[in-house]
Amino acid sequence: MFDEVLKRVLADVDGARCVLLAGLDGVVVAAAVADGSPSPDLVAASMADLFRKADAAHRDAGLVTPMELASGSLEGRAVLRAVTADYLLVAALEGSGSLGRMRFALRKAADALQPELA
């Protein structure tokens, strides 16, 4: 089921390079990868670390745990979406990819995957 959901997101969002499900420890559970994509293991490890740091910053500031985080440049973007307290979705996009469409697709994917991970 995980692979099907991730492949659908990869196919539905123009400019998507990889979409993966990872633990907050940075270990890849499942991945859908386009040709020329960065290494899913490297993306997962780096982005999970960033998400943990963002979570700590939110707590330090007295804010609630983030559900989503996006970063980017002209050449590319990354979008992270929490699925459960232990898992997150990570997507890498080309610079021309639609950030809004990816955010929407990841929200739908998280809703589909959450019952399987709870």
# chains A, B, ... in the order shown; residues from 1 in each chain; ligands from 1
>>> residues_around(residues="range 64-70 of chain A", least_positions_apart="4", cutoff="8 Å", atoms="only C-alpha atoms", output="ChimeraX atom specification")
/A:51,54-55,58-59,77-82
>>> write_last_selection(atoms="N, CA and C atoms", output="PDB file, in the first residue's frame")
ATOM      1  N   PHE A  51      13.297  18.205  10.369  1.00  0.00           N
ATOM      2  CA  PHE A  51      11.965  18.194  10.980  1.00  0.00           C
ATOM      3  C   PHE A  51      12.063  18.106  12.499  1.00  0.00           C
ATOM      4  N   ALA A  54      13.061  21.509  13.718  1.00  0.00           N
ATOM      5  CA  ALA A  54      11.930  22.433  13.643  1.00  0.00           C
ATOM      6  C   ALA A  54      10.951  22.168  14.779  1.00  0.00           C
ATOM      7  N   ASP A  55      10.737  20.899  15.087  1.00  0.00           N
ATOM      8  CA  ASP A  55       9.855  20.538  16.200  1.00  0.00           C
ATOM      9  C   ASP A  55      10.401  21.091  17.514  1.00  0.00           C
ATOM     10  N   HIS A  58       9.863  24.801  17.642  1.00  0.00           N
ATOM     11  CA  HIS A  58       8.461  25.107  17.936  1.00  0.00           C
ATOM     12  C   HIS A  58       8.186  24.955  19.435  1.00  0.00           C
ATOM     13  N   ARG A  59       8.658  23.864  20.012  1.00  0.00           N
ATOM     14  CA  ARG A  59       8.440  23.658  21.446  1.00  0.00           C
ATOM     15  C   ARG A  59       9.120  24.735  22.271  1.00  0.00           C
ATOM     16  N   ARG A  77      12.831  22.270  -4.259  1.00  0.00           N
ATOM     17  CA  ARG A  77      12.118  22.438  -2.995  1.00  0.00           C
ATOM     18  C   ARG A  77      12.003  21.092  -2.287  1.00  0.00           C
ATOM     19  N   ALA A  78      11.810  21.169  -0.995  1.00  0.00           N
ATOM     20  CA  ALA A  78      11.517  19.980  -0.195  1.00  0.00           C
ATOM     21  C   ALA A  78      10.280  20.276   0.635  1.00  0.00           C
ATOM     22  N   VAL A  79       9.404  19.282   0.735  1.00  0.00           N
ATOM     23  CA  VAL A  79       8.195  19.416   1.534  1.00  0.00           C
ATOM     24  C   VAL A  79       8.137  18.218   2.471  1.00  0.00           C
ATOM     25  N   LEU A  80       7.879  18.481   3.741  1.00  0.00           N
ATOM     26  CA  LEU A  80       7.776  17.432   4.749  1.00  0.00           C
ATOM     27  C   LEU A  80       6.390  17.511   5.362  1.00  0.00           C
ATOM     28  N   ARG A  81       5.781  16.367   5.573  1.00  0.00           N
ATOM     29  CA  ARG A  81       4.439  16.313   6.151  1.00  0.00           C
ATOM     30  C   ARG A  81       4.391  15.186   7.172  1.00  0.00           C
ATOM     31  N   ALA A  82       4.041  15.509   8.421  1.00  0.00           N
ATOM     32  CA  ALA A  82       3.919  14.482   9.459  1.00  0.00           C
ATOM     33  C   ALA A  82       2.725  13.589   9.138  1.00  0.00           C
TER      34      ALA A  82
END
>>> select_by_dssp(residues="range 72-109 of chain A", states="strand (DSSP E or B)", output="list in words")
Gly72, Gly76, Arg77, Ala78, Val79, Leu80, Arg81, Ala82, Tyr87, Leu88, Leu89, Val90, Ala91, Ala92, Leu93 and Glu94 of chain A
>>> residues_around(residues="Glu75 in chain A", least_positions_apart="6", cutoff="8 Å", atoms="only C-alpha atoms", output="list in words")
Glu94, Gly95 and Ser96 of chain A
>>> atom_distance(atom1="CA of Asp86 in chain A", atom2="CA of Ser73 in chain A")
27.6 Å
>>> residues_around(residues="Gly100 in chain A", least_positions_apart="5", cutoff="10 Å", atoms="only C-alpha atoms", output="list in words")
Val13, Val79, Ala105 and Leu106 of chain A
>>> residues_around(residues="Lys108 in chain A", least_positions_apart="3", cutoff="12 Å", atoms="only C-alpha atoms", output="PyMOL selection string")
chain A and resi 5-6+8-9+12+81-83+89+101-105+111-114
>>> residues_around(residues="Thr84 in chain A", least_positions_apart="5", cutoff="9 Å", atoms="only C-alpha atoms", output="list in words")
Ala110, Gln114, Leu117 and Ala118 of chain A
>>> write_last_selection(atoms="C-alpha atoms", output="PDB file, in the first residue's frame")
ATOM      1  CA  ALA A 110      -0.803  11.290   4.902  1.00  0.00           C
ATOM      2  CA  GLN A 114      -2.078   7.216   8.785  1.00  0.00           C
ATOM      3  CA  LEU A 117       0.911   3.442  10.740  1.00  0.00           C
ATOM      4  CA  ALA A 118      -1.160   4.136  13.841  1.00  0.00           C
TER       5      ALA A 118
END
